[in-house]
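**Q** This is the structure I have questions about; it appears just below.
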Amino acid sequence: MSDSDAQEPMARRVGGTELSWCKAVPSGTGITVLALLLSKPPNIPTLQSALRHLQICHPILRSTLHFDPLTAAFSYITLPSPSLQIHLFDLPSTLTILNENSNNNNPIPPHQYILEHEMNINPWSSPTDDAVLFYASVYTLSEMKWVLVLRLHTSACDRTSAVALLREVLEVMSGGEAENYKEEMGAPIEECVPAGKNNKPFWARGMDVVGYSLNSFRLAHLNFVDANSARCSQVMRLQMNSGDTFKLLEGCKSRGIKLCGALAAAGLIAAHVSKDLPGNQSQKYAVVTLVDCRSILDPVLNSHSFGFYHSAILNTHDINGGDELWEVANRCYTSFANAKNNGKHFTDMGDLNFLMGKAIDNPGLTPSASSRTACISVFEDNVIDESSPMLGELGIDDYIGCASAHGIGPSLALFHTIRDGRLDCACVYPSPLHSREQIQKLTDDMKIILVNSFEES
């Protein structure tokens, strides 16, 4: 790319999946946030330089989202040079935010409140206003604690991108150099699907859309606490020690399934138990499993290819009061794996995007206008994270990464990581549609179900 070309902004129309996120984010779903708890004061000039360097490496991080009212089309406008400015919040400003969000009945760590606060800041609430896709802030919790927050539009940053971004930021902050992984904006996922993989006859597509629509009316959901008030996203963490995590992973391995199946099963069983239904009465629940397609696209992409390259597979399951974890986990994973083997993550991509758009435009089509499309969402693969001396050098005590889900989406979105051999799952839910007390009970029950599964034959 020549110097003269670099002076001109570049533009690209969003793809179909990206468009779904552009429509979803204004209502509150699809704001990706990384929050890092620091015990050492961040060097703001170094951090500013690191983030701007990453904007140079990844053009989508220095882009704005533009809406053309004449064509009703969204585009990414990539700026020729990075312009990110870190927003700084001193102690009084941070305490004001914490006091506004505190709940004495169910306290959570301050950096988690900051995470929730950032997930509900929405510069993309109006599609008519151009807004950058990447923001950074530093909050002062005390003279010894700070929170670094990175906030991004999910169409530009799926979970894989967020993990790569975190690792690249830490590498540059610790004195390393980020490689120039990309020099151009990546193509949307639809343009990278291998030839023939997303083909579906017209009538088959129509039948599938009708099938998905009709099945949605038969789905059960987690009980709603308040379906009328304005919503925000909140987070509950489900964590397990290394011993229990090892047993859980070994249980999955011995049965030939992935952890996503066990997590989904625990969530469905806990949701069903919470309803106190008589006897073995069953209900049908939906699970959305998100697949990172980078390794199976054409051309093949890697984790440093920033953007949204996940697809979704929706399966439904009948759950009753007598179900045990491993039986349900096997059903959850097998139905997902069969759908993936049949290429549904590609062939149904357009169908699910279409239905997502219809639900966004017509929330009344969902139960109690809740915009709930599934009970649980989960990622197919684990994020494996092993601590390095770098974290201690930078003073990083903890970190959480997830995305908002109070617009269109599931009742519980699971973002799980195996961190130093321990399960750490950020569970995002819409509040007050569901209460913190309700989700605390649900995640506590999920953990009990998972741990008790070790005793199953």
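Scheme for the structure tokens: letters A, B, ... for chains in order shown; per-chain residue numbers from 1; ligand numbers from 1 in order shown.
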Could you list, as a ChimeraX atom specification, every residue within 9 Å of region 8-25 of chain A, counting only C-alpha atoms and ignoring same-chain residues fewer than 5 positions away?
**A** /A:30-31,63,65,73-81,122,124-125,127,153-156,185,187-191,307-311,349-350,353-354,356-357,360-361,404,407-408
**Q** Generate the output file for the selected residues, N, CA and C atoms, as a compact mmCIF listing (two decimals), in the first residue's frame.
**A**
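The file below, part-v6.txt, is the result:
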# COMPACT_ATOMS: atom_id res chain seq x y z
N GLY A 30 -24.26 -7.41 21.57
CA GLY A 30 -23.10 -7.37 20.69
C GLY A 30 -22.10 -6.29 21.01
N ILE A 31 -21.95 -5.95 22.28
CA ILE A 31 -20.90 -5.02 22.72
C ILE A 31 -19.86 -5.86 23.46
N SER A 63 -11.50 1.64 12.34
CA SER A 63 -12.62 1.92 11.44
C SER A 63 -13.81 2.50 12.18
N LEU A 65 -18.22 2.80 11.86
CA LEU A 65 -19.39 2.16 11.26
C LEU A 65 -20.29 3.25 10.69
N ALA A 73 -27.83 0.88 4.08
CA ALA A 73 -26.69 -0.04 4.11
C ALA A 73 -25.65 0.43 5.10
N PHE A 74 -24.99 -0.53 5.75
CA PHE A 74 -23.89 -0.24 6.66
C PHE A 74 -22.57 -0.50 5.94
N SER A 75 -21.56 0.30 6.28
CA SER A 75 -20.22 0.12 5.74
C SER A 75 -19.20 0.40 6.83
N TYR A 76 -18.04 -0.27 6.72
CA TYR A 76 -16.90 0.08 7.54
C TYR A 76 -16.07 1.11 6.77
N ILE A 77 -15.78 2.21 7.43
CA ILE A 77 -14.90 3.23 6.86
C ILE A 77 -13.59 3.17 7.63
N THR A 78 -12.53 2.71 6.97
CA THR A 78 -11.24 2.54 7.64
C THR A 78 -10.42 3.82 7.51
N LEU A 79 -10.09 4.40 8.65
CA LEU A 79 -9.35 5.66 8.67
C LEU A 79 -7.88 5.41 8.33
N PRO A 80 -7.21 6.38 7.70
CA PRO A 80 -5.83 6.15 7.28
C PRO A 80 -4.85 6.02 8.43
N SER A 81 -5.18 6.56 9.59
CA SER A 81 -4.24 6.48 10.72
C SER A 81 -5.02 6.29 12.01
N ASN A 122 -23.34 2.41 24.97
CA ASN A 122 -23.63 2.03 23.59
C ASN A 122 -23.51 3.23 22.64
N TRP A 124 -23.24 3.00 19.66
CA TRP A 124 -23.84 2.57 18.39
C TRP A 124 -25.35 2.48 18.49
N SER A 125 -25.95 3.13 19.51
CA SER A 125 -27.39 3.02 19.71
C SER A 125 -28.19 3.64 18.58
N PRO A 127 -28.08 4.23 14.52
CA PRO A 127 -27.33 3.89 13.30
C PRO A 127 -27.01 5.09 12.42
N HIS A 153 -17.25 -3.18 19.00
CA HIS A 153 -18.46 -3.64 18.32
C HIS A 153 -18.23 -5.09 17.91
N THR A 154 -19.15 -5.98 18.25
CA THR A 154 -18.93 -7.41 18.03
C THR A 154 -18.78 -7.77 16.56
N SER A 155 -19.37 -7.01 15.66
CA SER A 155 -19.19 -7.32 14.24
C SER A 155 -17.73 -7.23 13.83
N ALA A 156 -16.95 -6.46 14.60
CA ALA A 156 -15.52 -6.30 14.31
C ALA A 156 -14.65 -7.17 15.18
N MET A 185 -8.46 -4.73 5.26
CA MET A 185 -9.66 -5.20 5.94
C MET A 185 -10.04 -6.58 5.43
N ALA A 187 -12.33 -9.84 4.44
CA ALA A 187 -13.63 -10.00 3.79
C ALA A 187 -14.65 -10.55 4.79
N PRO A 188 -15.94 -10.30 4.59
CA PRO A 188 -16.96 -10.89 5.46
C PRO A 188 -16.97 -12.40 5.33
N ILE A 189 -17.49 -13.09 6.34
CA ILE A 189 -17.44 -14.54 6.38
C ILE A 189 -18.13 -15.17 5.18
N GLU A 190 -19.22 -14.55 4.70
CA GLU A 190 -19.96 -15.13 3.58
C GLU A 190 -19.10 -15.26 2.33
N GLU A 191 -18.16 -14.34 2.15
CA GLU A 191 -17.30 -14.38 0.97
C GLU A 191 -16.14 -15.37 1.12
N GLY A 307 -12.22 -9.70 13.16
CA GLY A 307 -13.53 -9.58 12.56
C GLY A 307 -14.46 -10.59 13.19
N PHE A 308 -15.62 -10.82 12.57
CA PHE A 308 -16.56 -11.81 13.09
C PHE A 308 -16.62 -12.97 12.11
N TYR A 309 -16.02 -14.10 12.52
CA TYR A 309 -15.94 -15.28 11.67
C TYR A 309 -16.52 -16.51 12.36
N HIS A 310 -17.52 -16.29 13.20
CA HIS A 310 -18.25 -17.39 13.82
C HIS A 310 -19.58 -17.60 13.08
N SER A 311 -20.06 -18.82 13.11
CA SER A 311 -21.41 -19.10 12.65
C SER A 311 -22.15 -19.82 13.78
N MET A 349 -26.60 -20.32 7.61
CA MET A 349 -26.12 -19.01 8.05
C MET A 349 -27.08 -17.90 7.65
N GLY A 350 -27.49 -17.90 6.38
CA GLY A 350 -28.41 -16.88 5.90
C GLY A 350 -29.78 -16.98 6.55
N ASN A 353 -29.55 -15.59 10.14
CA ASN A 353 -29.41 -14.14 10.08
C ASN A 353 -30.74 -13.47 9.74
N PHE A 354 -31.48 -14.06 8.80
CA PHE A 354 -32.79 -13.53 8.41
C PHE A 354 -33.74 -13.54 9.60
N MET A 356 -32.99 -13.71 12.78
CA MET A 356 -32.50 -12.79 13.80
C MET A 356 -32.97 -11.37 13.49
N GLY A 357 -32.88 -10.98 12.22
CA GLY A 357 -33.35 -9.65 11.82
C GLY A 357 -34.84 -9.48 12.05
N ILE A 360 -35.47 -8.97 15.71
CA ILE A 360 -35.07 -7.62 16.13
C ILE A 360 -36.14 -6.61 15.75
N ASP A 361 -36.67 -6.73 14.52
CA ASP A 361 -37.69 -5.80 14.03
C ASP A 361 -39.05 -6.02 14.69
N SER A 404 -22.29 -8.18 25.53
CA SER A 404 -23.64 -7.90 26.02
C SER A 404 -24.68 -8.76 25.30
N GLY A 407 -30.30 -7.31 24.22
CA GLY A 407 -31.22 -7.12 23.10
C GLY A 407 -31.71 -8.49 22.66
N ILE A 408 -31.46 -8.83 21.40
CA ILE A 408 -31.80 -10.17 20.92
C ILE A 408 -30.79 -11.17 21.44
**Q** Excluding same-chain residues fewer than 5 positions from Ala230 (chain A), what lies within 9 Å of it counting only C-alpha atoms, as a list in words?
**A**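 With the cut-off at 9 Å, the set is Ser431, Pro432 and Leu433 of chain A.
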**Q** For Ala286 (chain A), which residue among A:Val300, A:Leu394, A:Ala374, A:Met240 is the nearest when counting only C-alpha atoms?
**A**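 Looking only at the distances to Ala286 (chain A), the closest residue turns out to be A:Ala374.
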**Q** Suppose you want the space between CA of Phe67 (chain A) and CA of Gly28 (chain A); what is it in Å?
**A**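 CA of Gly28 (chain A) lies 17.6 Å from CA of Phe67 (chain A).
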**Q** Using backbone DSSP assignments, extract all helix (DSSP H, G or I) residues from region 129-317 of chain A; output them as a short mmCIF file (atom, residue, chain, number, x, y, z; two decimals) with C-alpha atoms, in the first residue's frame.
**A**
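Saved the output as out19.cif:
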data_model
loop_
_atom_site.label_atom_id
_atom_site.label_comp_id
_atom_site.auth_asym_id
_atom_site.auth_seq_id
_atom_site.Cartn_x
_atom_site.Cartn_y
_atom_site.Cartn_z
CA THR A 154 -18.93 -7.41 18.03
CA SER A 155 -19.19 -7.32 14.24
CA ALA A 156 -15.52 -6.30 14.31
CA ARG A 159 -14.43 -14.11 20.82
CA THR A 160 -11.36 -15.33 18.92
CA SER A 161 -10.47 -11.76 17.95
CA ALA A 162 -10.94 -10.61 21.55
CA VAL A 163 -8.58 -13.29 22.86
CA ALA A 164 -5.98 -12.40 20.21
CA LEU A 165 -6.39 -8.69 20.96
CA LEU A 166 -5.79 -9.25 24.67
CA ARG A 167 -2.65 -11.28 24.02
CA GLU A 168 -1.29 -8.75 21.53
CA VAL A 169 -1.95 -5.84 23.91
CA LEU A 170 -0.13 -7.64 26.72
CA GLU A 171 2.78 -8.50 24.43
CA VAL A 172 3.26 -4.90 23.31
CA MET A 173 2.79 -3.49 26.83
CA ILE A 189 -17.44 -14.54 6.38
CA GLU A 190 -19.96 -15.13 3.58
CA GLU A 191 -17.30 -14.38 0.97
CA CYS A 192 -14.89 -16.86 2.58
CA PHE A 202 -34.67 -22.59 -2.70
CA TRP A 203 -37.50 -24.75 -1.36
CA ALA A 204 -35.26 -26.33 1.27
CA ARG A 205 -34.26 -22.87 2.46
CA GLY A 206 -37.89 -21.84 2.69
CA MET A 207 -38.83 -24.99 4.59
CA ASP A 208 -35.97 -24.47 7.07
CA VAL A 209 -36.98 -20.85 7.71
CA VAL A 210 -40.57 -21.93 8.34
CA GLY A 211 -39.35 -24.78 10.52
CA TYR A 212 -37.17 -22.56 12.67
CA SER A 213 -40.03 -20.05 13.00
CA LEU A 214 -42.66 -22.60 14.01
CA ASN A 215 -40.34 -24.39 16.43
CA SER A 216 -39.62 -21.09 18.19
CA SER A 242 -8.45 -27.26 39.02
CA GLY A 243 -9.33 -30.66 40.44
CA ASP A 244 -13.01 -30.45 39.52
CA THR A 245 -12.15 -28.94 36.14
CA PHE A 246 -9.80 -31.82 35.38
CA LYS A 247 -12.49 -34.37 36.25
CA LEU A 248 -15.02 -32.53 34.10
CA LEU A 249 -12.70 -32.40 31.10
CA GLU A 250 -11.78 -36.07 31.55
CA GLY A 251 -15.48 -36.94 31.72
CA CYS A 252 -16.03 -35.18 28.40
CA LYS A 253 -12.96 -36.79 26.82
CA SER A 254 -13.94 -40.29 27.90
CA ARG A 255 -17.35 -39.84 26.26
CA LEU A 259 -17.01 -29.23 27.15
CA CYS A 260 -19.63 -27.12 25.36
CA GLY A 261 -22.00 -30.09 25.50
CA ALA A 262 -21.61 -30.47 29.27
CA LEU A 263 -22.03 -26.74 29.92
CA ALA A 264 -25.14 -26.54 27.77
CA ALA A 265 -26.59 -29.62 29.46
CA ALA A 266 -25.96 -28.25 32.95
CA GLY A 267 -27.62 -24.98 31.97
CA LEU A 268 -30.69 -26.69 30.51
CA ILE A 269 -31.13 -29.02 33.49
CA ALA A 270 -30.72 -26.15 35.97
CA ALA A 271 -33.19 -23.99 34.02
CA HIS A 272 -35.74 -26.79 33.97
CA VAL A 273 -35.30 -27.58 37.67
CA ARG A 294 -11.51 -19.53 10.50
CA SER A 295 -9.74 -22.86 9.93
CA ILE A 296 -12.35 -24.08 7.42
#
**Q** Using DSSP assignments from the backbone, pull out every residue in region 61-225 of chain A that falls under strand (DSSP E or B) and give it to me as a count of residues only.
**A** 33
**Q** Pick the closest to Pro410 (chain A) from A:His434, A:His304, A:His317, A:Lys275: which is it, counting only C-alpha atoms?
**A**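 Counting only C-alpha atoms, the residue closest to Pro410 (chain A) is A:His434.
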**Q** Do you have the CA of Thr316 (chain A)-CA of Leu290 (chain A) distance handy?
**A**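 One can read the CA of Thr316 (chain A) to CA of Leu290 (chain A) distance as 14.6 Å.
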**Q** Could you work out how far CA of Ser377 (chain A) lies from CA of Asp351 (chain A), giving the answer in Å with one decimal?
**A**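 Going from CA of Asp351 (chain A) over to CA of Ser377 (chain A) covers 17.6 Å.
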**Q** From the set A:Leu54, A:Cys375, A:Ile396, A:Ala413, which residue has the shortest atom-to-atom contact distance to Lys40 (chain A), counting only C-alpha atoms?
**A** A:Ile396
**Q** Could you pull the residues within 12 Å of Asn101 (chain A), counting only C-alpha atoms, minus those fewer than 2 positions along the same chain, as a list in words?
**A**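 So the residues in contact are Thr94, Leu95, Thr96, Ile97, Leu98, Asn99, Asn103, Asn104, Asn106, Pro107, Ile108, Pro109, Pro110, His111, Gln112, Tyr113, Ile114, Leu115, Glu116, His117, Glu118, Asn120, Cys232 and Gln234 of chain A.
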**Q** Can you work out which one of A:Ser142, A:Thr32, A:Asn241, A:Ser370 has the shortest atom-to-atom distance to Pro430 (chain A), counting only C-alpha atoms?
**A** A:Ser370
**Q** Give me, as a PDB file with N, CA, C and O atoms, in the first residue's frame, all polymer residues having an atom no more than 12 Å from Asn452 (chain A), counting only C-alpha atoms and skipping those fewer than 2 positions away in the same chain.
**A**
ATOM      1  N   ASP A 244     -11.694 -30.208  40.101  1.00  0.00           N
ATOM      2  CA  ASP A 244     -13.013 -30.451  39.520  1.00  0.00           C
ATOM      3  C   ASP A 244     -12.994 -30.213  38.010  1.00  0.00           C
ATOM      4  O   ASP A 244     -13.669 -30.925  37.250  1.00  0.00           O
ATOM      5  N   LYS A 247     -11.529 -33.263  36.302  1.00  0.00           N
ATOM      6  CA  LYS A 247     -12.489 -34.372  36.248  1.00  0.00           C
ATOM      7  C   LYS A 247     -13.557 -34.126  35.182  1.00  0.00           C
ATOM      8  O   LYS A 247     -13.964 -35.044  34.468  1.00  0.00           O
ATOM      9  N   LEU A 248     -14.001 -32.869  35.088  1.00  0.00           N
ATOM     10  CA  LEU A 248     -15.021 -32.532  34.101  1.00  0.00           C
ATOM     11  C   LEU A 248     -14.493 -32.727  32.684  1.00  0.00           C
ATOM     12  O   LEU A 248     -15.160 -33.324  31.824  1.00  0.00           O
ATOM     13  N   GLY A 251     -14.155 -36.349  31.964  1.00  0.00           N
ATOM     14  CA  GLY A 251     -15.475 -36.937  31.716  1.00  0.00           C
ATOM     15  C   GLY A 251     -15.935 -36.695  30.295  1.00  0.00           C
ATOM     16  O   GLY A 251     -16.501 -37.582  29.650  1.00  0.00           O
ATOM     17  N   ALA A 266     -25.790 -28.727  31.576  1.00  0.00           N
ATOM     18  CA  ALA A 266     -25.959 -28.252  32.954  1.00  0.00           C
ATOM     19  C   ALA A 266     -26.890 -27.043  32.995  1.00  0.00           C
ATOM     20  O   ALA A 266     -27.736 -26.928  33.897  1.00  0.00           O
ATOM     21  N   GLU A 324     -30.130 -36.834  33.575  1.00  0.00           N
ATOM     22  CA  GLU A 324     -28.807 -36.720  34.179  1.00  0.00           C
ATOM     23  C   GLU A 324     -27.869 -36.000  33.214  1.00  0.00           C
ATOM     24  O   GLU A 324     -28.068 -36.009  31.991  1.00  0.00           O
ATOM     25  N   LEU A 325     -26.833 -35.421  33.778  1.00  0.00           N
ATOM     26  CA  LEU A 325     -25.968 -34.546  32.994  1.00  0.00           C
ATOM     27  C   LEU A 325     -25.387 -35.218  31.757  1.00  0.00           C
ATOM     28  O   LEU A 325     -25.495 -34.695  30.648  1.00  0.00           O
ATOM     29  N   TRP A 326     -24.756 -36.390  31.929  1.00  0.00           N
ATOM     30  CA  TRP A 326     -24.006 -36.946  30.804  1.00  0.00           C
ATOM     31  C   TRP A 326     -24.916 -37.399  29.679  1.00  0.00           C
ATOM     32  O   TRP A 326     -24.533 -37.343  28.498  1.00  0.00           O
ATOM     33  N   ASP A 445     -26.507 -23.901  40.768  1.00  0.00           N
ATOM     34  CA  ASP A 445     -27.051 -25.223  40.459  1.00  0.00           C
ATOM     35  C   ASP A 445     -26.274 -25.881  39.318  1.00  0.00           C
ATOM     36  O   ASP A 445     -26.047 -27.102  39.335  1.00  0.00           O
ATOM     37  N   MET A 446     -25.872 -25.096  38.309  1.00  0.00           N
ATOM     38  CA  MET A 446     -25.064 -25.650  37.223  1.00  0.00           C
ATOM     39  C   MET A 446     -23.773 -26.245  37.754  1.00  0.00           C
ATOM     40  O   MET A 446     -23.367 -27.347  37.361  1.00  0.00           O
ATOM     41  N   LYS A 447     -23.129 -25.533  38.670  1.00  0.00           N
ATOM     42  CA  LYS A 447     -21.874 -26.025  39.234  1.00  0.00           C
ATOM     43  C   LYS A 447     -22.094 -27.320  40.018  1.00  0.00           C
ATOM     44  O   LYS A 447     -21.309 -28.278  39.902  1.00  0.00           O
ATOM     45  N   ILE A 448     -23.174 -27.361  40.795  1.00  0.00           N
ATOM     46  CA  ILE A 448     -23.488 -28.570  41.563  1.00  0.00           C
ATOM     47  C   ILE A 448     -23.748 -29.748  40.619  1.00  0.00           C
ATOM     48  O   ILE A 448     -23.269 -30.868  40.839  1.00  0.00           O
ATOM     49  N   ILE A 449     -24.491 -29.484  39.540  1.00  0.00           N
ATOM     50  CA  ILE A 449     -24.780 -30.530  38.563  1.00  0.00           C
ATOM     51  C   ILE A 449     -23.506 -31.057  37.928  1.00  0.00           C
ATOM     52  O   ILE A 449     -23.316 -32.262  37.764  1.00  0.00           O
ATOM     53  N   LEU A 450     -22.606 -30.138  37.565  1.00  0.00           N
ATOM     54  CA  LEU A 450     -21.337 -30.537  36.951  1.00  0.00           C
ATOM     55  C   LEU A 450     -20.484 -31.350  37.930  1.00  0.00           C
ATOM     56  O   LEU A 450     -19.910 -32.389  37.568  1.00  0.00           O
ATOM     57  N   PHE A 454     -19.518 -36.295  38.485  1.00  0.00           N
ATOM     58  CA  PHE A 454     -18.348 -37.147  38.654  1.00  0.00           C
ATOM     59  C   PHE A 454     -18.729 -38.463  39.325  1.00  0.00           C
ATOM     60  O   PHE A 454     -18.029 -39.474  39.203  1.00  0.00           O
ATOM     61  N   GLU A 455     -19.868 -38.453  40.045  1.00  0.00           N
ATOM     62  CA  GLU A 455     -20.306 -39.634  40.771  1.00  0.00           C
ATOM     63  C   GLU A 455     -21.227 -40.508  39.927  1.00  0.00           C
ATOM     64  O   GLU A 455     -21.572 -41.612  40.325  1.00  0.00           O
ATOM     65  N   GLU A 456     -21.637 -39.992  38.713  1.00  0.00           N
ATOM     66  CA  GLU A 456     -22.504 -40.787  37.856  1.00  0.00           C
ATOM     67  C   GLU A 456     -21.726 -41.954  37.269  1.00  0.00           C
ATOM     68  O   GLU A 456     -20.541 -41.847  36.982  1.00  0.00           O
ATOM     69  N   SER A 457     -22.380 -43.025  37.103  1.00  0.00           N
ATOM     70  CA  SER A 457     -21.720 -44.212  36.534  1.00  0.00           C
ATOM     71  C   SER A 457     -21.442 -44.030  35.057  1.00  0.00           C
ATOM     72  O   SER A 457     -22.063 -43.231  34.393  1.00  0.00           O
TER      73      SER A 457
END
**Q** So, counting only C-alpha atoms, which residue among A:Val132, A:Ala72, A:Leu222, A:Cys57 is closest to Asp276 (chain A)?
**A**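 Between A:Val132, A:Ala72, A:Leu222, A:Cys57, the residue approaching Asp276 (chain A) most closely is A:Leu222.
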**Q** So, with only C-alpha atoms as the atoms that count, which of A:Asp68, A:Asp130, A:Asp323, A:Asp385 lies closest to Leu423 (chain A)?
**A**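 Answer, going by the shortest atom-to-atom distance: A:Asp385.
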